[in-house]
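Enquirer: Can you read through this structure? Questions will come right after.
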Amino acid sequence: MHDLRLIRDNPEAFDRGLARRGLSPMSGEILDLDARRRAAQTALQEMQARRNEASKEIGKARREGRGAQDLMAEVAGLKEGIQQTEEQERETGAALDTLLASLPNIPADDVPDGPDESGNVELRRVGEPPRLNHAVEHFELGEKLGLMDFAAGAKLSGARFTVLRGKLARLERAIGQFMLDLHVNEHGYTEVMPPLMVRDEAAFGTGQLPKFAEDLFRTTTGHWLIPTAEVPLTNLVADRILDLEDLPLRMAALTPCFRSEAGAAGKDTRGMIRQHQFWKVEMVSVTGPDQSNAEHERMTQCAETVLKRLELPFRTIALCTGDMGFSATRTYDIEVWLPGQNAYREISSCSTCGDFQARRMKARCRPRGDKNTQFVHTLNGSGVAVGRCLIAVMENFQQPNGSIIVPEALRPYMGGLDRIAADA
């Protein structure tokens with residue numbers, strides 16, 4: 001959500017921010033609804049005050065034996081007017097809230113402008129992509145090993161589901177555990193095991209609802225399967241006032257994630273790049289307003305460390321205004337090198353949302369002993385997507401005979417196994 005006071009004070013700046021997102025000016029409509037709601041609220045206060053005053057005059061008239069019919073008629077009219085104005089105030093307020101909830105976050109000043117991914121800016125590259133004359137994609141490797149079964153996944157659940165077996169299943173589990181241990185033991189995140197289903201309020205708080213309902217799976221009980229652990233982790237501070245001295249809070253979770261992939265028809269139809277169900281380690285930070293920019297850089301470095309430890313080449317890019325997510329005010333994507341595709345592909349997205357989500361969740365902070373509160377800032381980042389990391393390990397460490405070398409960082413999680421082969 002957006003700060004109405006800022007829009008009132010500088011509507012031109014708000015519209016410039018929306019324009020950077022490719023959207024039309026909205027401050028005029030917002031301020032009109034705001035003015036109508038405030039006018040209704042003022043009228044209500046005046047009518048309620050007059051009703052109370054008239055009621056006292058009626059009582060006084062009766063005590064003095066005077067007639068009070070005119071006053072009683074006035075009170076009846078005020079009662080009807082109050083009911084009508086209350087309805088107007090509710091309708092106008094609901095329209096204003098709906099409009100504000102539909103608008104994305106305003107980009108930070110340092111976010112590059114651009115209409116789509118073509119406007120993204122590369123910040124750095126780490127590692128040299130391996131030169132593999134024998135490079136094939138992960139699905140060919142997995143099927144030849146007999147450890148990646150797309151037909152079984154489709155039979156059980158339909159398209160965009162996969163069955164992993166044996167050492168490849170263990171490798172995916174090892175990757176997730178390695179990343180969670182790294183973030184908890186070395187990066188200072190607190191491990192959390194959150195629910196995998198959330199209520200409407202939680203999905204609204206982080207910006208998935210109402211705009212992106214078609215991207216989610218909903219149960220018959222009305223719960224939403226989480227598209228990322230960002231949703232439950234961030235909402236742990238909803239409706240709370242935190243001590244500023246206790247911030248930042250850093251949380252991490254290894255969970256399944258569920259996405260309908262609405263609008264992704266024809267994209268990555270082969271393999272495990274784009275699945276309805278996948279594992280991911282998610283990092284969430286809750287900070288004071290002055291801490292979030294530094295925390296964003298730190299979080300991105302934490303995600304990069306995963307790939308450095310696994311010796312996977314990657315690049316980090318700053319997303320432009322036309323490619324950022326709905327709730328983000330700035331986003332860095334990390335793209336890992338996939339030899340089978342001869343391309344970099346996204347494996348992590350680290351975003352700072354400013355106070356955008358906090359306003360939706362009513363999450364605040366204040367210094368100890370201070371009565372004044374302010375909204376916290378929230379950040380989220382993949383640390384990283386487990387399935388895509390599995391793909392990257394398979395493709396970057398593939399051997400001419402179709403076997404896969406296990407990166408040294410993962411061998412303790414694989415019982416010392418250093419190679420996955422067809423006979424393993």
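Identifiers in the structure tokens: chain A, B, ... in order shown; residue index from 1 per chain; ligand index from 1 in order shown.
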When you look at segment 246-257 of chain A with a cut-off of 7 Å (counting only C-alpha atoms), what residues show up, excluding the ones that are within fewer than 5 positions of it in the same chain? I need them as a VMD selection string.
Expert: chain A and resid 176 180 189 to 193 226 to 229 277 to 288
Enquirer: Neighbours of Ser118 of chain A within 12 Å (only C-alpha atoms; same-chain residues fewer than 3 positions away dropped), as an NGL selection string?
Expert: :A and (112-115 or 121-122 or 317-323)
Enquirer: I need the residues in segment 95-130 of chain A that are alpha helix (DSSP H) according to DSSP; give them as an NGL selection string.
Expert: :A and (95-102)
Enquirer: Keeping only N, CA, C and O atoms, write the selected residues as an mmCIF file, in the first residue's frame.
Expert:
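Output (result38.cif):
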```cif
data_model
loop_
_atom_site.group_PDB
_atom_site.id
_atom_site.type_symbol
_atom_site.label_atom_id
_atom_site.label_comp_id
_atom_site.auth_asym_id
_atom_site.auth_seq_id
_atom_site.Cartn_x
_atom_site.Cartn_y
_atom_site.Cartn_z
ATOM 1 N N ALA A 95 -13.449 1.776 -2.103
ATOM 2 C CA ALA A 95 -12.953 2.039 -3.454
ATOM 3 C C ALA A 95 -11.518 2.550 -3.415
ATOM 4 O O ALA A 95 -10.677 2.166 -4.244
ATOM 5 N N LEU A 96 -11.215 3.410 -2.438
ATOM 6 C CA LEU A 96 -9.855 3.935 -2.297
ATOM 7 C C LEU A 96 -8.885 2.818 -1.922
ATOM 8 O O LEU A 96 -7.791 2.708 -2.504
ATOM 9 N N ASP A 97 -9.265 1.982 -0.972
ATOM 10 C CA ASP A 97 -8.392 0.883 -0.547
ATOM 11 C C ASP A 97 -8.148 -0.098 -1.695
ATOM 12 O O ASP A 97 -7.030 -0.583 -1.884
ATOM 13 N N THR A 98 -9.206 -0.389 -2.459
ATOM 14 C CA THR A 98 -9.067 -1.311 -3.588
ATOM 15 C C THR A 98 -8.119 -0.748 -4.637
ATOM 16 O O THR A 98 -7.272 -1.469 -5.187
ATOM 17 N N LEU A 99 -8.245 0.539 -4.908
ATOM 18 C CA LEU A 99 -7.372 1.173 -5.893
ATOM 19 C C LEU A 99 -5.926 1.153 -5.424
ATOM 20 O O LEU A 99 -5.017 0.782 -6.177
ATOM 21 N N LEU A 100 -5.691 1.544 -4.175
ATOM 22 C CA LEU A 100 -4.330 1.571 -3.654
ATOM 23 C C LEU A 100 -3.717 0.168 -3.622
ATOM 24 O O LEU A 100 -2.533 -0.008 -3.900
ATOM 25 N N ALA A 101 -4.550 -0.837 -3.295
ATOM 26 C CA ALA A 101 -4.042 -2.212 -3.212
ATOM 27 C C ALA A 101 -3.657 -2.765 -4.570
ATOM 28 O O ALA A 101 -2.893 -3.727 -4.657
ATOM 29 N N SER A 102 -4.184 -2.178 -5.636
ATOM 30 C CA SER A 102 -3.911 -2.688 -6.982
ATOM 31 C C SER A 102 -2.649 -2.095 -7.601
ATOM 32 O O SER A 102 -2.194 -2.563 -8.646
#
```
Enquirer: Could I get the residues of segment 150-259 of chain A with an atom no further than 8 Å from an atom of segment 405-416 of chain A, each paired with its nearest atom pair and that distance in Å to one decimal, using only C-alpha atoms, sorted by chain and residue number, as CSV?
Expert:
```
residue,atom,partner,partner_atom,distance
A:Arg170,CA,A:Met414,CA,7.0
A:Leu171,CA,A:Met414,CA,6.9
A:Ala174,CA,A:Tyr413,CA,5.2
A:Ile175,CA,A:Leu410,CA,6.8
A:Gln177,CA,A:Tyr413,CA,7.8
A:Phe178,CA,A:Leu410,CA,6.8
```
Enquirer: Export, as an mmCIF file, in the first residue's frame, the selected residues with N, CA and C atoms.
Expert:
```
data_model
loop_
_atom_site.group_PDB
_atom_site.id
_atom_site.type_symbol
_atom_site.label_atom_id
_atom_site.label_comp_id
_atom_site.auth_asym_id
_atom_site.auth_seq_id
_atom_site.Cartn_x
_atom_site.Cartn_y
_atom_site.Cartn_z
ATOM 1 N N ARG A 170 18.530 -37.598 -3.548
ATOM 2 C CA ARG A 170 19.351 -37.237 -2.392
ATOM 3 C C ARG A 170 20.137 -35.960 -2.661
ATOM 4 N N LEU A 171 20.598 -35.771 -3.897
ATOM 5 C CA LEU A 171 21.339 -34.565 -4.235
ATOM 6 C C LEU A 171 20.471 -33.327 -4.061
ATOM 7 N N ALA A 174 20.217 -32.723 -0.447
ATOM 8 C CA ALA A 174 21.503 -32.238 0.066
ATOM 9 C C ALA A 174 21.688 -30.753 -0.226
ATOM 10 N N ILE A 175 21.304 -30.321 -1.417
ATOM 11 C CA ILE A 175 21.445 -28.915 -1.794
ATOM 12 C C ILE A 175 20.627 -28.027 -0.864
ATOM 13 N N GLN A 177 19.566 -28.673 2.211
ATOM 14 C CA GLN A 177 20.110 -28.694 3.560
ATOM 15 C C GLN A 177 21.393 -27.888 3.654
ATOM 16 N N PHE A 178 22.256 -28.009 2.635
ATOM 17 C CA PHE A 178 23.495 -27.228 2.607
ATOM 18 C C PHE A 178 23.202 -25.731 2.665
#
```
Enquirer: Restricting the calculation to only C-alpha atoms, which member of A:Ala154, A:Leu338, A:Leu123, A:Ala358 is positioned closest to Glu395 of chain A?
Expert: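 Looking at the shortest contact to Glu395 of chain A, the residue is A:Leu338.
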Enquirer: Atom CA of Gly142 of chain A and atom CA of Leu168 of chain A, how far apart in Å?
Expert: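 Straight-line distance from atom CA of Leu168 of chain A to atom CA of Gly142 of chain A works out to 8.0 Å.
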Enquirer: Which distance in Å separates atom CA of Asp15 of chain A and atom CA of Ser27 of chain A, to one decimal?
Expert: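 Interatomic distance, atom CA of Asp15 of chain A to atom CA of Ser27 of chain A: 6.3 Å.
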Enquirer: Give me every strand (DSSP E or B) residue in segment 48-226 of chain A, going by DSSP on the backbone, as a list in words.
Expert: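 Filtering segment 48-226 of chain A to strand (DSSP E or B) leaves Val121, Glu122, Leu123, Arg124, Arg125, Val126, Met148, Asp149, Val163, Leu164, Thr190, Glu191, Met197, Val198, Phe217, Arg218, Trp224 and Leu225 of chain A.
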Enquirer: I'd like to know which of A:Pro107, A:Gly77, A:Gly266, A:Gly205 is closest to Phe14 of chain A, using only C-alpha atoms.
Expert: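 Closest candidate: A:Pro107.
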Enquirer: Name the residues in contact with His296 of chain A at a cut-off of 9 Å, using only C-alpha atoms, excluding same-chain residues fewer than 2 positions from it; report them as a ChimeraX atom specification.
Expert: /A:285,291-294,298-301,330-332,350-352,379-381
Enquirer: Which polymer residues have any atom within 12 Å of an atom of Gly166 of chain A, counting only C-alpha atoms, with same-chain residues fewer than 3 positions away left out, as a ChimeraX atom specification?
Expert: /A:142,145-149,163,169-173,414,420-424
Enquirer: For Glu304 of chain A, list every protein, DNA or RNA residue within 9 Å, evaluated using only C-alpha atoms, and leave out those in the same chain fewer than 6 positions away; present the list as a PyMOL selection string.
Expert: chain A and resi 314+316+334+348+383-384
Enquirer: Show me, as a list in words, the residues that have an atom within 6 Å of segment 195-198 of chain A when counting only C-alpha atoms, minus same-chain residues fewer than 4 positions from it.
Expert: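 Skipping anything fewer than 4 positions along the chain leaves His223, Trp224, Leu225 and Ile226 of chain A.
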